[in-house]
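protein_35.txt (compact mmCIF, C-alpha atoms) appears below.
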# COMPACT_ATOMS: atom_id res chain seq x y z
CA MET A 738 -4.54 22.36 -125.62
CA LYS A 739 -8.32 22.28 -125.71
CA LEU A 740 -8.31 21.48 -129.43
CA THR A 741 -5.71 18.77 -128.84
CA ASN A 742 -7.84 17.14 -126.15
CA GLN A 743 -10.85 17.12 -128.45
CA SER A 744 -8.74 15.59 -131.21
CA VAL A 745 -7.49 12.87 -128.89
CA ILE A 746 -11.04 12.09 -127.73
CA ALA A 747 -12.26 11.95 -131.32
CA LEU A 748 -9.34 9.68 -132.24
CA LEU A 749 -10.14 7.30 -129.37
CA TRP A 750 -13.79 7.14 -130.37
CA GLY A 751 -12.77 6.51 -133.97
CA LEU A 752 -10.39 3.71 -132.98
CA LEU A 753 -13.11 2.09 -130.86
CA TYR A 754 -15.51 2.34 -133.81
CA LEU A 755 -12.89 0.79 -136.12
CA ALA A 756 -12.15 -2.07 -133.72
CA THR A 757 -15.79 -2.97 -133.08
CA GLY A 758 -16.57 -2.63 -136.80
CA TYR A 759 -13.74 -5.00 -137.72
CA VAL A 760 -14.89 -7.53 -135.11
CA SER A 761 -18.46 -7.26 -136.41
CA HIS A 762 -17.37 -7.91 -139.99
CA GLN A 763 -15.28 -10.90 -138.94
CA LEU A 764 -18.24 -12.39 -137.09
CA ASN A 765 -20.65 -11.69 -139.93
CA GLY A 766 -18.51 -13.25 -142.63
CA PRO A 767 -19.47 -12.69 -146.28
CA ILE A 768 -22.66 -10.62 -146.60
CA ALA A 769 -24.83 -9.57 -149.52
CA ALA A 770 -26.50 -6.43 -148.19
CA THR A 771 -26.28 -6.19 -144.41
CA GLY A 772 -24.83 -8.22 -141.59
CA TYR A 773 -26.44 -9.59 -138.46
CA ILE A 774 -23.93 -7.98 -136.08
CA TRP A 775 -23.01 -4.29 -135.96
CA LEU A 776 -21.47 -3.27 -132.64
CA PRO A 777 -20.31 0.23 -133.78
CA ALA A 778 -23.95 1.35 -133.55
CA GLY A 779 -23.54 1.21 -129.77
CA VAL A 780 -20.26 3.14 -129.95
CA THR A 781 -21.89 5.88 -132.04
CA VAL A 782 -24.89 6.33 -129.75
CA ALA A 783 -22.69 6.23 -126.63
CA ALA A 784 -20.33 8.86 -128.03
CA PHE A 785 -23.13 11.29 -128.86
CA MET A 786 -24.86 10.68 -125.53
CA LEU A 787 -21.68 11.21 -123.51
CA THR A 788 -20.16 14.11 -125.48
CA LYS A 789 -21.35 17.70 -125.38
CA THR A 790 -23.16 18.74 -128.53
CA GLY A 791 -20.57 21.41 -129.36
CA ARG A 792 -17.90 18.70 -129.59
CA TRP A 793 -19.77 16.35 -131.89
CA LEU A 794 -18.16 17.46 -135.15
CA PRO A 795 -14.64 16.02 -134.54
CA VAL A 796 -16.20 12.84 -133.12
CA ALA A 797 -18.42 12.43 -136.18
CA ILE A 798 -15.43 13.05 -138.48
CA GLY A 799 -13.51 10.40 -136.56
CA PHE A 800 -16.34 7.92 -137.09
CA VAL A 801 -16.53 8.66 -140.82
CA LEU A 802 -12.77 8.25 -141.24
CA ALA A 803 -12.87 5.00 -139.24
CA GLN A 804 -15.67 3.68 -141.47
CA LEU A 805 -13.76 4.64 -144.64
CA LEU A 806 -10.60 3.00 -143.28
CA LEU A 807 -12.57 -0.13 -142.47
CA GLY A 808 -13.95 -0.19 -146.03
CA TRP A 809 -10.45 0.30 -147.48
CA ILE A 810 -9.00 -2.52 -145.34
CA GLU A 811 -11.70 -4.90 -146.54
CA ASP A 812 -11.52 -3.64 -150.15
CA ARG A 813 -15.13 -2.45 -150.27
CA ASN A 814 -16.73 0.18 -152.48
CA LEU A 815 -15.79 3.45 -150.78
CA LEU A 816 -18.80 5.33 -152.15
CA ARG A 817 -21.13 2.75 -150.62
CA VAL A 818 -19.12 2.89 -147.37
CA ALA A 819 -19.40 6.69 -147.30
CA LEU A 820 -23.18 6.53 -147.83
CA PHE A 821 -23.43 3.88 -145.10
CA ALA A 822 -21.46 6.11 -142.70
CA LEU A 823 -23.66 9.10 -143.52
CA ASP A 824 -26.75 7.00 -142.84
CA GLU A 825 -25.64 5.39 -139.56
CA ILE A 826 -23.73 8.30 -138.03
CA GLY A 827 -26.02 11.08 -139.27
CA VAL A 828 -29.19 9.37 -138.08
CA ALA A 829 -27.60 8.59 -134.69
CA ALA A 830 -26.57 12.23 -134.24
CA ILE A 831 -30.04 13.56 -135.11
CA VAL A 832 -31.88 11.06 -132.91
CA VAL A 833 -29.59 11.52 -129.90
CA ALA A 834 -29.88 15.30 -130.27
CA LEU A 835 -33.68 14.99 -130.12
CA VAL A 836 -33.47 12.64 -127.12
CA ARG A 837 -31.12 15.00 -125.29
CA MET A 838 -33.71 17.73 -125.67
CA LEU A 839 -35.79 15.70 -123.21
CA GLN A 840 -33.05 16.41 -120.63
CA LEU A 841 -33.15 12.90 -119.18
CA PRO A 842 -30.45 12.17 -116.58
CA MET A 843 -27.95 9.44 -117.37
CA GLU A 844 -29.10 7.13 -114.58
CA GLY A 845 -31.99 5.02 -113.41
CA LEU A 846 -35.14 4.48 -115.42
CA ASN A 847 -34.62 7.77 -117.28
CA PHE A 848 -31.40 6.42 -118.80
CA VAL A 849 -33.19 3.22 -119.87
CA ARG A 850 -36.00 5.27 -121.38
CA GLY A 851 -33.59 7.51 -123.29
CA LEU A 852 -31.50 4.56 -124.46
CA LEU A 853 -34.53 2.64 -125.72
CA ILE A 854 -35.90 5.68 -127.53
CA ALA A 855 -32.53 6.34 -129.17
CA GLY A 856 -31.91 2.67 -129.94
CA VAL A 857 -35.28 1.96 -131.53
CA ALA A 858 -35.34 5.22 -133.48
CA CYS A 859 -31.75 4.93 -134.74
CA SER A 860 -32.09 1.29 -135.78
CA ALA A 861 -35.48 1.75 -137.46
CA ILE A 862 -34.63 4.92 -139.39
CA SER A 863 -31.15 3.89 -140.52
CA ALA A 864 -32.45 0.42 -141.48
CA ALA A 865 -35.27 1.95 -143.53
CA ILE A 866 -32.87 4.28 -145.38
CA GLY A 867 -30.29 1.56 -145.98
CA ALA A 868 -32.80 -1.05 -147.11
CA ALA A 869 -34.47 1.46 -149.45
CA TRP A 870 -31.09 2.25 -151.01
CA PHE A 871 -30.32 -1.45 -151.60
CA LEU A 872 -33.80 -1.90 -153.07
CA LEU A 873 -33.32 0.95 -155.55
CA VAL A 874 -29.73 0.22 -156.54
CA GLN A 875 -29.40 -3.56 -156.27
CA GLN A 876 -33.05 -4.70 -156.19
CA VAL A 877 -32.51 -6.41 -152.83
CA PRO A 878 -35.82 -7.12 -151.01
CA PHE A 879 -36.66 -4.32 -148.57
CA TRP A 880 -38.18 -6.03 -145.52
CA PRO A 881 -35.61 -8.84 -144.99
CA THR A 882 -32.77 -6.31 -145.23
CA ALA A 883 -34.48 -3.75 -143.01
CA ARG A 884 -35.35 -6.37 -140.38
CA ILE A 885 -31.80 -7.70 -140.09
CA TRP A 886 -30.29 -4.20 -140.24
CA ALA A 887 -32.56 -2.89 -137.49
CA ALA A 888 -31.95 -5.92 -135.26
CA SER A 889 -28.17 -5.70 -135.60
CA ASP A 890 -28.14 -1.97 -134.81
CA LEU A 891 -30.53 -2.25 -131.86
CA VAL A 892 -28.65 -5.13 -130.22
CA GLY A 893 -25.33 -3.38 -130.79
CA ILE A 894 -26.70 -0.30 -129.03
CA LEU A 895 -28.16 -2.31 -126.12
CA ILE A 896 -24.91 -4.23 -125.59
CA VAL A 897 -22.21 -1.60 -126.13
CA THR A 898 -23.79 1.70 -125.02
CA PRO A 899 -24.50 0.68 -121.37
CA VAL A 900 -20.91 -0.52 -120.98
CA LEU A 901 -19.43 2.75 -122.23
CA ALA A 902 -22.00 4.92 -120.43
CA GLY A 903 -21.58 3.08 -117.14
CA TRP A 904 -17.80 3.02 -117.04
CA SER A 905 -17.42 6.56 -118.37
CA ARG A 906 -18.89 7.74 -115.04
CA PHE A 907 -16.64 5.47 -112.97
CA HIS A 908 -14.72 7.08 -110.13
CA ALA A 909 -12.88 5.62 -107.19
CA MET A 910 -14.80 5.92 -103.95
CA ARG A 911 -12.97 7.66 -101.14
CA SER A 912 -14.79 5.67 -98.47
CA GLY A 913 -17.42 2.98 -98.22
CA GLY A 914 -18.30 1.32 -101.49
CA MET A 915 -19.52 -2.18 -102.21
CA ASP A 916 -19.89 -4.60 -99.33
CA ARG A 917 -17.33 -7.36 -99.28
CA SER A 918 -20.04 -10.01 -99.29
CA ASP A 919 -21.76 -8.41 -102.31
CA PHE A 920 -18.46 -8.25 -104.16
CA LEU A 921 -17.61 -11.90 -103.49
CA LEU A 922 -21.10 -13.14 -104.34
CA GLY A 923 -21.08 -11.01 -107.49
CA LEU A 924 -17.67 -12.40 -108.44
CA ALA A 925 -18.94 -15.94 -107.94
CA ALA A 926 -21.98 -15.19 -110.11
CA PHE A 927 -19.76 -13.60 -112.78
CA VAL A 928 -17.50 -16.67 -112.87
CA ALA A 929 -20.55 -18.93 -112.98
CA LEU A 930 -21.89 -16.87 -115.87
CA GLY A 931 -18.67 -17.35 -117.81
CA ALA A 932 -18.58 -21.08 -117.09
CA THR A 933 -22.20 -21.74 -117.99
CA ALA A 934 -22.06 -19.55 -121.11
CA PHE A 935 -18.95 -21.36 -122.29
CA ILE A 936 -20.45 -24.81 -121.70
CA ILE A 937 -23.88 -24.06 -123.14
CA PHE A 938 -22.82 -22.14 -126.24
CA ASP A 939 -19.75 -24.23 -126.99
CA GLY A 940 -22.06 -27.05 -128.06
CA HIS A 941 -19.79 -29.97 -127.20
CA GLY A 942 -20.67 -30.16 -123.51
CA ILE A 943 -24.43 -30.40 -124.18
CA SER A 944 -24.30 -32.38 -127.41
CA ASN A 945 -26.09 -35.33 -125.78
CA PHE A 946 -29.18 -33.25 -124.97
CA SER A 947 -32.11 -32.59 -127.26
CA ALA A 948 -32.52 -29.26 -129.04
CA GLY A 949 -35.36 -28.29 -126.69
CA VAL A 950 -33.19 -28.87 -123.62
CA ASN A 951 -30.35 -26.92 -125.19
CA PHE A 952 -32.63 -23.92 -125.74
CA ALA A 953 -33.96 -24.19 -122.19
CA LEU A 954 -30.40 -24.13 -120.81
CA THR A 955 -29.87 -20.67 -122.31
CA TYR A 956 -31.97 -19.29 -119.42
CA VAL A 957 -29.22 -20.26 -116.96
CA PRO A 958 -26.79 -17.49 -118.05
CA LEU A 959 -29.66 -14.99 -117.89
CA PHE A 960 -30.11 -15.87 -114.23
CA PHE A 961 -26.46 -15.14 -113.50
CA VAL A 962 -26.66 -11.88 -115.49
CA ALA A 963 -29.51 -10.82 -113.20
CA VAL A 964 -27.56 -11.80 -110.07
CA VAL A 965 -24.43 -9.92 -111.17
CA THR A 966 -26.51 -6.82 -111.94
CA LEU A 967 -28.24 -6.96 -108.55
CA LEU A 968 -24.96 -7.28 -106.66
CA TRP A 969 -22.60 -5.19 -108.80
CA GLY A 970 -24.99 -2.65 -110.27
CA GLY A 971 -25.17 -1.36 -113.82
CA ARG A 972 -21.45 -1.49 -114.58
CA GLY A 973 -21.16 -5.12 -113.53
CA GLY A 974 -24.36 -5.98 -115.37
CA SER A 975 -23.11 -4.40 -118.59
CA LEU A 976 -19.88 -6.42 -118.34
CA ALA A 977 -21.91 -9.57 -117.74
CA VAL A 978 -23.98 -8.93 -120.87
CA ALA A 979 -20.82 -8.20 -122.87
CA MET A 980 -19.26 -11.50 -121.79
CA LEU A 981 -22.45 -13.39 -122.58
CA ALA A 982 -22.52 -11.72 -126.01
CA PHE A 983 -18.93 -12.80 -126.64
CA PHE A 984 -19.69 -16.48 -126.06
CA ALA A 985 -23.10 -16.45 -127.73
CA LEU A 986 -22.03 -14.67 -130.92
CA LEU A 987 -18.62 -16.29 -131.34
CA ASN A 988 -19.93 -19.83 -130.96
CA THR A 989 -23.03 -19.21 -133.05
CA VAL A 990 -20.85 -17.91 -135.88
CA GLN A 991 -18.78 -21.10 -135.60
CA GLY A 992 -21.94 -23.20 -135.91
CA GLU A 993 -22.01 -24.24 -132.25
CA GLY A 994 -24.52 -23.84 -129.46
CA PRO A 995 -28.32 -23.89 -129.22
CA PHE A 996 -28.91 -21.21 -131.87
CA ALA A 997 -26.87 -23.10 -134.46
CA ALA A 998 -28.47 -26.49 -133.71
CA PHE A 999 -30.32 -26.43 -137.03
CA ALA A 1000 -27.62 -24.67 -139.03
CA ASP A 1001 -28.36 -26.67 -142.17
CA THR A 1002 -31.94 -25.44 -142.30
CA TYR A 1003 -31.88 -22.11 -140.45
CA SER A 1004 -28.33 -20.92 -141.06
CA LYS A 1005 -29.61 -17.47 -142.05
CA HIS A 1006 -31.55 -17.10 -138.82
CA SER A 1007 -29.15 -18.46 -136.18
CA LEU A 1008 -27.36 -15.14 -135.69
CA LEU A 1009 -30.69 -13.30 -135.66
CA GLU A 1010 -31.94 -15.61 -132.91
CA ALA A 1011 -28.74 -15.01 -130.95
CA GLN A 1012 -29.19 -11.27 -131.41
CA LEU A 1013 -32.73 -11.37 -130.01
CA TYR A 1014 -31.51 -13.45 -127.07
CA LEU A 1015 -28.82 -10.91 -126.30
CA ALA A 1016 -31.34 -8.07 -126.64
CA VAL A 1017 -33.45 -9.70 -123.92
CA ALA A 1018 -30.36 -10.14 -121.74
CA ALA A 1019 -29.38 -6.50 -122.21
CA LEU A 1020 -32.88 -5.25 -121.43
CA LEU A 1021 -33.05 -7.47 -118.34
CA SER A 1022 -29.78 -6.07 -117.04
CA LEU A 1023 -30.78 -2.49 -117.84
CA LEU A 1024 -34.13 -2.73 -116.08
CA ILE A 1025 -32.68 -4.41 -112.98
CA SER A 1026 -29.93 -1.81 -112.81
CA ALA A 1027 -32.40 1.04 -113.28
CA LEU A 1028 -34.74 -0.24 -110.56
CA LYS A 1029 -31.80 -0.85 -108.24
CA THR A 1030 -30.45 2.65 -108.86
CA THR A 1031 -33.88 4.21 -108.35
CA ARG A 1032 -34.39 2.35 -105.09
CA GLU A 1033 -30.94 3.29 -103.82
CA GLN A 1034 -31.59 6.92 -104.72
CA LEU A 1035 -34.89 6.89 -102.85
CA HIS A 1036 -33.19 5.44 -99.77
CA GLU A 1037 -30.41 8.01 -100.03
CA ASP A 1038 -32.91 10.87 -100.37
CA ALA A 1039 -34.92 9.56 -97.42
CA ALA A 1040 -31.80 9.25 -95.28
CA GLN A 1041 -30.70 12.77 -96.25
CA TRP A 1042 -34.16 14.17 -95.49
CA LYS A 1043 -34.19 12.44 -92.11
CA ASN A 1044 -30.72 13.72 -91.28
CA ASP A 1045 -31.64 17.30 -92.25
CA THR A 1046 -34.82 17.12 -90.22
CA GLU A 1047 -33.04 15.78 -87.16
CA LEU A 1048 -30.45 18.56 -87.40
CA ALA A 1049 -33.13 21.22 -87.77
CA LEU A 1050 -35.07 19.87 -84.82
CA THR A 1051 -31.95 19.74 -82.66
CA ALA A 1052 -30.86 23.26 -83.60
CA SER A 1053 -34.32 24.66 -82.81
CA ARG A 1054 -34.61 22.56 -79.62
CA GLN A 1055 -37.76 20.83 -80.79
CA LEU A 1056 -39.04 17.27 -80.73
CA VAL A 1057 -41.64 15.80 -83.08
CA TYR A 1058 -43.86 12.87 -82.17
CA ASN A 1059 -46.92 10.89 -83.15
CA ILE A 1060 -49.16 8.79 -80.91
CA ASP A 1061 -51.25 5.74 -81.73
CA PRO A 1062 -54.31 6.26 -79.47
CA HIS A 1063 -55.10 2.55 -79.48
CA SER A 1064 -51.73 1.15 -78.42
CA LYS A 1065 -50.67 4.41 -76.70
CA LYS A 1066 -47.23 4.09 -78.31
CA LEU A 1067 -45.17 7.16 -79.24
CA CYS A 1068 -42.69 7.59 -82.07
CA TRP A 1069 -40.18 10.43 -81.61
CA HIS A 1070 -37.99 12.38 -84.02
CA GLY A 1071 -35.26 14.67 -82.79
CA ASP A 1072 -32.43 14.48 -80.29
CA LEU A 1073 -34.44 13.20 -77.34
CA GLN A 1074 -31.35 12.07 -75.46
CA GLY A 1075 -29.48 15.30 -76.01
CA LEU A 1076 -32.34 17.68 -75.19
CA LEU A 1077 -34.01 15.86 -72.31
CA GLY A 1078 -31.49 13.24 -71.26
CA VAL A 1079 -34.06 10.49 -71.91
CA ALA A 1080 -33.62 7.51 -74.21
CA ASN A 1081 -36.21 6.87 -76.93
CA THR A 1082 -37.15 3.53 -75.33
CA ALA A 1083 -37.98 5.30 -72.05
CA PHE A 1084 -40.39 7.63 -73.88
CA SER A 1085 -42.02 5.07 -76.19
CA ASP A 1086 -45.18 4.60 -74.09
CA LEU A 1087 -47.78 7.18 -73.03
CA ASP A 1088 -47.60 6.28 -69.34
CA GLN A 1089 -43.79 6.53 -69.45
CA VAL A 1090 -44.03 10.06 -70.84
CA LEU A 1091 -46.69 11.16 -68.37
CA ALA A 1092 -44.56 9.85 -65.52
CA HIS A 1093 -42.00 12.56 -66.41
CA VAL A 1094 -44.64 15.32 -66.47
CA HIS A 1095 -45.28 17.44 -63.37
CA PRO A 1096 -48.20 15.92 -61.38
CA ASP A 1097 -50.28 19.10 -61.76
CA ASP A 1098 -49.91 19.00 -65.55
CA ARG A 1099 -50.43 15.30 -66.24
CA GLN A 1100 -54.19 15.27 -66.54
CA PRO A 1101 -54.41 18.26 -68.92
CA LEU A 1102 -51.78 16.66 -71.19
CA ARG A 1103 -53.46 13.23 -71.08
CA SER A 1104 -56.82 14.80 -71.86
CA ARG A 1105 -55.30 16.80 -74.69
CA TRP A 1106 -53.90 13.65 -76.28
CA LEU A 1107 -56.68 11.15 -75.69
CA ASP A 1108 -59.96 12.87 -74.91
CA ASP A 1109 -60.05 15.96 -77.09
CA THR A 1110 -61.29 15.05 -80.60
CA ASP A 1111 -61.82 18.64 -81.74
CA ASP A 1112 -59.21 19.32 -84.41
CA ASP A 1113 -60.05 22.99 -84.99
CA ALA A 1114 -57.02 25.16 -84.19
CA ARG A 1115 -56.69 24.38 -80.51
CA PRO A 1116 -54.20 26.49 -78.56
CA ASP A 1117 -50.75 25.34 -77.51
CA LEU A 1118 -50.31 23.81 -74.07
CA SER A 1119 -47.41 24.68 -71.75
CA PHE A 1120 -46.45 22.21 -69.06
CA ARG A 1121 -43.55 21.30 -66.80
CA LEU A 1122 -41.39 18.28 -67.60
CA LEU A 1123 -39.38 16.56 -64.86
CA LEU A 1124 -35.90 15.70 -66.13
CA PRO A 1125 -33.94 12.63 -65.00
CA ALA A 1126 -31.19 14.83 -63.53
CA GLY A 1127 -33.71 16.31 -61.08
CA GLY A 1128 -34.37 19.54 -62.92
CA GLU A 1129 -37.51 20.87 -64.51
CA SER A 1130 -38.07 22.16 -68.02
CA GLN A 1131 -40.86 24.26 -69.48
CA VAL A 1132 -42.26 22.64 -72.63
CA THR A 1133 -44.87 23.86 -75.10
CA ASP A 1134 -46.93 21.17 -76.80
CA MET A 1135 -48.21 21.95 -80.31
CA SER A 1136 -50.36 19.09 -81.51
CA ALA A 1137 -53.44 18.12 -83.47
CA VAL A 1138 -55.50 15.00 -83.93
CA LEU A 1139 -56.08 13.16 -87.20
CA LEU A 1140 -59.59 11.71 -87.49
CA ASP A 1141 -60.85 8.59 -89.22
CA ALA A 1142 -63.95 8.59 -91.42
CA ASP A 1143 -66.08 7.76 -88.39
CA GLU A 1144 -64.77 10.86 -86.56
CA SER A 1145 -62.69 8.74 -84.17
CA VAL A 1146 -59.09 9.67 -83.43
CA ALA A 1147 -56.70 7.87 -85.78
CA MET A 1148 -53.46 9.55 -84.69
CA VAL A 1149 -52.18 12.40 -82.59
CA ALA A 1150 -49.24 14.28 -84.10
CA GLY A 1151 -47.38 17.23 -82.70
CA ALA A 1152 -44.16 18.85 -81.56
CA TRP A 1153 -42.56 19.92 -78.31
CA ARG A 1154 -40.67 23.19 -78.08
CA LEU A 1155 -38.36 23.67 -75.10
CA ASN A 1156 -38.72 27.16 -73.61
CA LEU A 1157 -35.13 28.16 -72.78
CA LYS A 1158 -36.01 31.62 -71.45
CA GLU A 1159 -38.63 30.24 -69.10
CA ASP A 1160 -36.18 27.58 -67.88
CA ALA A 1161 -33.56 30.25 -67.17
CA ARG A 1162 -36.07 32.36 -65.26
CA GLN A 1163 -37.12 29.38 -63.17
CA ARG A 1164 -33.50 28.62 -62.36
CA GLY A 1165 -32.98 32.30 -61.38
CA ARG A 1166 -35.83 32.07 -58.89
CA ILE A 1167 -34.28 29.01 -57.37

Give the structure from the file, written as structure tokens.
Amino acid sequence: MKLTNQSVIALLWGLLYLATGYVSHQLNGPIAATGYIWLPAGVTVAAFMLTKTGRWLPVAIGFVLAQLLLGWIEDRNLLRVALFALDEIGVAAIVVALVRMLQLPMEGLNFVRGLLIAGVACSAISAAIGAAWFLLVQQVPFWPTARIWAASDLVGILIVTPVLAGWSRFHAMRSGGMDRSDFLLGLAAFVALGATAFIIFDGHGISNFSAGVNFALTYVPLFFVAVVTLLWGGRGGSLAVAMLAFFALLNTVQGEGPFAAFADTYSKHSLLEAQLYLAVAALLSLLISALKTTREQLHEDAAQWKNDTELALTASRQLVYNIDPHSKKLCWHGDLQGLLGVANTAFSDLDQVLAHVHPDDRQPLRSRWLDDTDDDARPDLSFRLLLPAGGESQVTDMSAVLLDADESVAMVAGAWRLNLKEDARQRGRI
């Protein structure tokens, strides 16, 4: 069963490689050495990044068979196709293996860092090997071939890999999830992206504008890509980039849109320009998603830390506070209402707190907080706190002052510990 599952996974990866390779060849049209579009590079990197290293062999075999089948369908030289597969797939496996040794998590800025390292290394190395082979065998110039090869691989990785990586980790949320307003605004931005991309890259709707205006209008879809990523996160952003790539590449291949405006003169460069545009769009989406994920993780960690601290304080019957000596305002942490029966707003001012302290203990506590500037291991202070219900509680104050550079008090920070045994003894006397 385990072998069967691995075979099915390898078959699915191979079919995806075959489909994206066929689409790439159809978009490229007749080529001499290398094409401008190669989406399977993203499938290869995604597969190796998402699959455990011990399961790479059947996946790699699936890719090689898919590449050979693609060459047979298009009646290409199978030896050349086999060498091409060895170059692309072998280099991707080696580079991803080295990147995985860094043990970067598949989220946030670490994912972007790992993806960029893998993308640049894979595209540069495979392009250098492929261009060198064409130079030796067919005397094709090295740098033009290497430049186009590297660009097509890098953009394919930046477009396809985030989509597969993002949706491979998709799971239905049991509760909560995206806000309704964020979903609707993201949907509106996604629709606007599709509409503007169709109009701008179709070429007919903006045919009355100058070439400079047409190029300037390509920034409009980038804005909607950013909005979709902000509202829908990395998965939505990757879909937005994929849809933008569909319109940009398809229409450019057909000789339409801003990048094909000078097709008669720059026909060899129109797809390269579109590729660079899509690389910027993909990087924009990746960075926004990474920053958004990092920020959300920080907020989640902070909320978890606060929750754990509040639970620990409540279980140990302690309260933590800090005082601004200038405004005499207090900030409390802990279950103030549950332990003392007092709301936080009723204990937010120094005079309000002292009003609940036993009259005989008020001045020592006030002096401890405001007058004493000696921060050298002062002893704890026990005092009696008058509770709203009419009772009295024994409290131990453990505090210290934080001094400014001029030796003045900048803040008083401390904790209250409720003395349960002392309270019980006092109630026994009563």

Find the residues around region 1019-1023 of chain A up to 12 Å (all atoms listed in the file counted), leave out those fewer than 6 positions away in its own chain, and share them as a count of residues only. 53

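Each of A:His762, A:Ala855, A:Gly1128, A:Ala861 was compared to Met838 (chain A) using only C-alpha atoms, and A:Ala855 turns out to be the nearest.
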
Between A:Thr788, A:Glu1047, A:Gly758, A:Gln1055, which is the closest to Leu805 (chain A) once you count all atoms listed in the file? A:Gly758

Quick one: residues within 7 Å of (-56.1, 5.9, -77.8) (file frame), counting only C-alpha atoms, please, as a PyMOL selection string. chain A and resi 1061-1065+1107

Using only C-alpha atoms, determine which residues lie at most 9 Å from Arg837 (chain A), disregarding the query and same-chain residues fewer than 4 positions distant; provide the list as number ranges by chain. A: 786, 832-833, 841, 851

With all atoms listed in the file as the counted atoms, please give the residues lying no more than 8 Å from region 875-890 of chain A, apart from itself and same-chain residues fewer than 6 positions off, as number ranges by chain. A: 770-776, 778-779, 856, 859-861, 863-865, 867-869, 1009, 1012-1013

Nearest to Tyr1058 (chain A) by atom-to-atom distance, counting only C-alpha atoms, from A:Ala1152, A:Ala953, A:Ala1083, A:Ala925: A:Ala1152

Which residue out of A:Phe920, A:Leu1123, A:Asp1088, A:Leu794 has the minimum interatomic distance to Gln743 (chain A) when all atoms listed in the file are used? A:Leu794

Quick one: of A:Trp1042, A:Leu764, A:Leu1015, A:Gly1078, who's nearest to Asn988 (chain A), counting only C-alpha atoms? A:Leu764

In Å, how far is it from CA of Ala783 (chain A) to CA of Phe871 (chain A)?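 Pair CA of Ala783 (chain A) / CA of Phe871 (chain A) returns 27.2 Å.
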
Near Val1146 (chain A), counting only C-alpha atoms, which residues have an atom at most 8 Å away, once you skip same-chain residues fewer than 5 positions from it, shown as a ChimeraX atom specification? /A:1062,1110,1138-1141

Restrict the selected residues to C-alpha atoms and save them as a short mmCIF file (atom, residue, chain, number, x, y, z; two decimals), in the coordinates of the input.
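Okay, part-v7.cif is ready:
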data_model
loop_
_atom_site.label_atom_id
_atom_site.label_comp_id
_atom_site.auth_asym_id
_atom_site.auth_seq_id
_atom_site.Cartn_x
_atom_site.Cartn_y
_atom_site.Cartn_z
CA PRO A 1062 -54.31 6.26 -79.47
CA THR A 1110 -61.29 15.05 -80.60
CA VAL A 1138 -55.50 15.00 -83.93
CA LEU A 1139 -56.08 13.16 -87.20
CA LEU A 1140 -59.59 11.71 -87.49
CA ASP A 1141 -60.85 8.59 -89.22
#

If I take CA of Ile854 (chain A) and CA of Ala1018 (chain A), how far is one from the other in Å, to one decimal? 17.7 Å

Using only C-alpha atoms, which of A:Gln1074, A:Ser1119, A:Ile1060, A:His1036 sits nearest Met1148 (chain A)?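 The answer is A:Ile1060, which sits nearest to Met1148 (chain A).
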
As an exercise, work out the distance from CA of Val828 (chain A) to CA of Thr741 (chain A) in Å and give it to one decimal place.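 So the two atoms, CA of Val828 (chain A) and CA of Thr741 (chain A), lie 26.9 Å apart.
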
Could you check which residues have any atom within 12 Å of (-42.2, 10.1, -75.9), counting only C-alpha atoms with coordinates taken straight from the file, and then list them as a ChimeraX atom specification? /A:1056-1061,1065-1074,1077,1079-1094,1122,1150-1153

Name the residues in contact with Arg1105 (chain A) at a cut-off of 10 Å, using only C-alpha atoms, excluding same-chain residues fewer than 3 positions from it; report them as a PyMOL selection string. chain A and resi 1099-1102+1108-1111+1115+1118+1134+1136-1138+1149

Reconstruct region 789-796 of chain A at the level of N, CA and C atoms, and format the result as a JSON list (two decimals), keeping the file's coordinate frame.
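To be explicit, this is the file written out as rebuild20.json:
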[["chain", "number", "residue", "atom", "x", "y", "z"],
["A", 789, "LYS", "N", -20.58, 16.47, -125.21],
["A", 789, "LYS", "CA", -21.35, 17.70, -125.38],
["A", 789, "LYS", "C", -21.60, 17.97, -126.86],
["A", 790, "THR", "N", -22.75, 18.54, -127.14],
["A", 790, "THR", "CA", -23.16, 18.74, -128.53],
["A", 790, "THR", "C", -22.15, 19.58, -129.31],
["A", 791, "GLY", "N", -21.54, 20.56, -128.67],
["A", 791, "GLY", "CA", -20.57, 21.41, -129.36],
["A", 791, "GLY", "C", -19.31, 20.68, -129.78],
["A", 792, "ARG", "N", -19.10, 19.47, -129.25],
["A", 792, "ARG", "CA", -17.90, 18.70, -129.59],
["A", 792, "ARG", "C", -18.20, 17.51, -130.48],
["A", 793, "TRP", "N", -19.40, 17.49, -131.06],
["A", 793, "TRP", "CA", -19.77, 16.35, -131.89],
["A", 793, "TRP", "C", -19.04, 16.30, -133.23],
["A", 794, "LEU", "N", -18.72, 17.44, -133.80],
["A", 794, "LEU", "CA", -18.16, 17.46, -135.15],
["A", 794, "LEU", "C", -16.88, 16.63, -135.26],
["A", 795, "PRO", "N", -15.84, 16.86, -134.41],
["A", 795, "PRO", "CA", -14.64, 16.02, -134.54],
["A", 795, "PRO", "C", -14.91, 14.55, -134.28],
["A", 796, "VAL", "N", -15.86, 14.24, -133.37],
["A", 796, "VAL", "CA", -16.20, 12.84, -133.12],
["A", 796, "VAL", "C", -16.85, 12.22, -134.35]]
